[in-house]
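What follows is a single structure, written as structure tokens, with notes after it.
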Amino acid sequence: MNLFQSVTSALDNSLAKDPTAVIFGEDVAFGGVFRCTVGLRDKYGKDRVFNTPLCEQGIVGFGIGIAVTGATAIAEIQFADYIFPAFDQIVNEAAKYRYRSGDLFNCGSLTIRSPWGCVGHGALYHSQSPEAFFAHCPGIKVVIPRSPFQAKGLLLSCIEDKNPCIFFEPKILYRAAAEEVPIEPYNIPLSQAEVIQEGSDVTLVAWGTQVHVIREVASMAKEKLGVSCEVIDLRTIIPWDVDTICKSVIKTGRLLISHEAPLTGGFASEISSTVQEECFLNLEAPISRVCGYDTPFPHIFEPFYIPDKWKCYDALRKMINY
Amino acid sequence: MAVAIAAARVWRLNRGLSQAALLLLRQPGARGLARSHPPRQQQQFSSLDDKPQFPGASAEFIDKLEFIQPNVISGIPIYRVMDRQGQIINPSEDPHLPKEKVLKLYKSMTLLNTMDRILYESQRQGRISFYMTNYGEEGTHVGSAAALDNTDLVFGQYREAGVLMYRDYPLELFMAQCYGNISDLGKGRQMPVHYGCKERHFVTISSPLATQIPQAVGAAYAAKRANANRVVICYFGEGAASEGDAHAGFNFAATLECPIIFFCRNNGYAISTPTSEQYRGDGIARGPGYGIMSIRVDGNDVFAVYNATKEARRRAVAENQPFLIEAMTYRIGHHSTSDDSSAYRSVDEVNYWDKQDHPISRLRHYLLSQGWWDEEQEKAWRKQSRRKVMEAFEQAERKPKPNPNLLFSDVYQEMPAQLRKQQESLARHLQTYGEHYPLDHFDK
């Protein structure tokens, strides 16, 4: 399956297993603008897979209300770039529901899915990676898969998790390489980073699409510099797996974090800050962040904007030679 | 012919019609080609006989340019059952509630009023940090609460304590939340009056306005799917109705056919902002614009509120559609203990409502005229309710606050590792610096 098909499969499993589960958002009824919900309305009925009016704050608020009754709500925000009208409902309401009520009420059965990240031509409003805005919000989980197999397992975990979750789907990967994905449900744990390649000289951390970039950088580093890289997919942005990252940096002494989102206030800052607190004496070089520039996401200039393998490679080289 | 086809093709492109549609137009009798009786094709293409075909509206054509004047002279009429002296106006509208129920309505309102006086004072004396009274709006709370099933889910804004009072939420728990003491079900996390009660199906209040509106709609949708025979009621003020979330909620409720009652307390003010600065249309009974059944009622007439809510409930559940009730009332008190409303309104105006049109006195007149109440019972009840409130108050004062560890729980269902570290860090900090913290007032 490719990534959008693995999402469909996860949703199919969820609706089959959980009679309360419903999927809603803009254009999900006919299958969704990225085909993630194709076939589900016919299979499960129009009361379970349905369009809402065009209103993100309504979609998320509505989803919270479904979840408050204990039913499973799977909301789609058509592009992560449009999640901001729902920011109040997510941050002030969903994230705080359990805490503020003393655990009398919660909306844990809410999951928000949204296409995320650069796509080659998306420009300002079809390319954003807003995970950093939500990282600052205790009470929600933010999860980003790198592949179809990861997507299904992580999405199922988000749906079953007893806390409200945001699941960002790298849209550029929707139709990219397919891989073997089981039809039956399976879970990949949240808040656990994955070391996808072991190494000894540098730790490379990314999430979503960028994991493939740093994996390629690891090959380049091996080939051109004889450097052995440990490549880590963070997977869950919050609550994030501090232990796995720190364990790796203690081993390698060098850390490079890369994301498409702008540098300042991006999630790499949080990782960098924590790692220097926990692993200060193990560091051989300053922690490196290779990120998007502090600009809105441009259209024609995308090839210059993104933190591509050359920028990552160059930063890695500087770290090695520090 | 060629010209007509070419024109039709351009027209088709502009209209986004499909190839099939273009073919139809090329048939003899298509629009633009002279023919007196165009043949009827499929239903959707009977544009041939000059009816609008737009998917977006179901309406006739008009050839006169006319803007619709919003009706600002005489708005939607206000339904009432009792006059200001508590006399039934139209006997066929009298709900004929049994004595017990009417007494419960009366006692809920008066007990709330008594509790409000004492807790407002307690804030003035620095005993609690903040308070909001319900003066003047008690009728909207109990009239609606009495018309619901006890299991109907309530989403409120912050001035609906009478709903909880009617559902027998104990004074002890009202006070516990205001004091944030060890008995607070909310574990001391929120400012006073942010009540919640799972047992009584009252969702915990949050400060951001109108956020509860689309949530209530979602809850109603889930209730519909569950065949729960349950209505959701969602309270909000006329100020909150200006929020985007209100528009979102109304639209979702109508399009998704949800069994929900939207109950607007139009009390004349949003803090200092009068209704003339809040909206320019005819109040909040703007449901028809969304396709929502709507009514405006006298919010200070408990029976009018009751009747409207009762019927709305019956139909919302039976027909799976939303109802909007705009209850006209007046906020007699200040917005909160942080407000002094003499800065923006006259004492005369406030006194009018307090003395001439108050839900409690109107119901009392009704009770008296029924022979179900008298001066002696009134005196006894005042004394009794005051004593009950004072007892609960003194107990609430004495109780400790919850253990500071409860600062850290319930952020997630399970405590994340990093948060546990922060909790341990605070514990260590208090070991060294504890004397600078009010630990004596907190549970060990």
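Naming scheme: A, B, ... for chains in displayed order of the structure tokens; residues 1 onward per chain; ligands 1 onward as shown.
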Chain B residues near chain A (9 Å cut-off, only C-alpha atoms) as a VMD selection string: chain B and resid 184 to 190 194 to 198 203 to 206 208 211 to 223 225 to 226 244 to 249 251 to 252 255 to 256 408 to 414 416 to 418
Strand (DSSP E) call set, DSSP backbone run, stretch 245-309 of chain A, as an MDAnalysis selection string: chainID A and resid 255:262 288:292
Spatial neighbours of stretch 260-266 of chain B, max dist 8 Å, only C-alpha atoms, sep filter under 6 positions, as a VMD selection string: chain B and resid 137 140 216 to 217 220 231 to 238 241 253 284 299 309 312 to 313 316 to 317 321 to 330
Residue nearest B:Leu426 - candidates B:Asn405, B:Gln356, B:Asn229, B:Ser346, atoms counted: only C-alpha atoms: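 Smallest distance to B:Leu426 is found for B:Asn405.
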Polymer residues at most 12 Å from A:Gly226, only C-alpha atoms, same-chain spacing of 6 or more positions, as a count of residues only: 9
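Using only C-alpha atoms for every distance, the candidate list A:Ile250, A:Leu190, A:Tyr313, A:Ala123 yields A:Ile250 as the residue closest to A:Phe280.
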A:Val181, A:Leu11, A:Ile214, A:Ala193 ranked by distance to A:Gly39, top pick (using only C-alpha atoms): A:Leu11
Between atom CA of A:Lys171 and atom CA of A:Pro189, distance in Å (one decimal):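 Separating atom CA of A:Lys171 from atom CA of A:Pro189 is a distance of 22.1 Å.
Atom CA of A:Leu234 lies 13.8 Å from atom CA of A:Val275.
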Distance query A:Pro170 at most 6 Å, only C-alpha atoms, self and fewer than 5 positions along chain excluded, as number ranges by chain: A: 115-117
For atom CA of A:Cys246 and atom CA of A:Val213, the interatomic separation in Å (one decimal):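 So the two atoms, atom CA of A:Cys246 and atom CA of A:Val213, lie 21.4 Å apart.
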Who sits within 9 Å of B:Trp372, only C-alpha atoms, same chain under 5 positions skipped, as number ranges by chain: B: 99, 103, 366-367
Write down as a CSV table (one decimal) with N, CA and C atoms, in the first residue's frame the residues of stretch 286-315 of chain A whose backbone DSSP state falls under helix (DSSP H, G or I).
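The resulting file, selection-v5.csv, is reproduced below:
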```
chain,number,residue,atom,x,y,z
A,302,GLU,N,10.9,27.1,-3.6
A,302,GLU,CA,11.0,26.0,-2.7
A,302,GLU,C,12.3,25.2,-2.7
A,303,PRO,N,12.9,25.0,-3.9
A,303,PRO,CA,14.1,24.2,-3.9
A,303,PRO,C,15.2,24.8,-3.1
A,304,PHE,N,15.2,26.2,-2.9
A,304,PHE,CA,16.2,26.8,-2.1
A,304,PHE,C,15.8,26.9,-0.6
A,305,TYR,N,14.5,26.8,-0.4
A,305,TYR,CA,14.0,26.9,1.0
A,305,TYR,C,14.3,25.7,1.8
A,309,LYS,N,19.4,17.6,1.3
A,309,LYS,CA,20.5,16.7,1.8
A,309,LYS,C,21.8,17.5,1.7
A,310,TRP,N,22.0,18.4,0.8
A,310,TRP,CA,23.2,19.1,0.7
A,310,TRP,C,23.5,20.0,1.9
A,311,LYS,N,22.4,20.7,2.3
A,311,LYS,CA,22.5,21.5,3.5
A,311,LYS,C,22.8,20.7,4.7
A,312,CYS,N,22.1,19.5,4.8
A,312,CYS,CA,22.3,18.7,6.0
A,312,CYS,C,23.7,18.1,5.9
A,313,TYR,N,24.1,17.7,4.7
A,313,TYR,CA,25.5,17.1,4.6
A,313,TYR,C,26.5,18.1,5.0
A,314,ASP,N,26.3,19.4,4.6
A,314,ASP,CA,27.3,20.4,4.9
A,314,ASP,C,27.4,20.7,6.4
A,315,ALA,N,26.2,20.7,7.0
A,315,ALA,CA,26.2,21.0,8.4
A,315,ALA,C,26.9,19.8,9.2
```
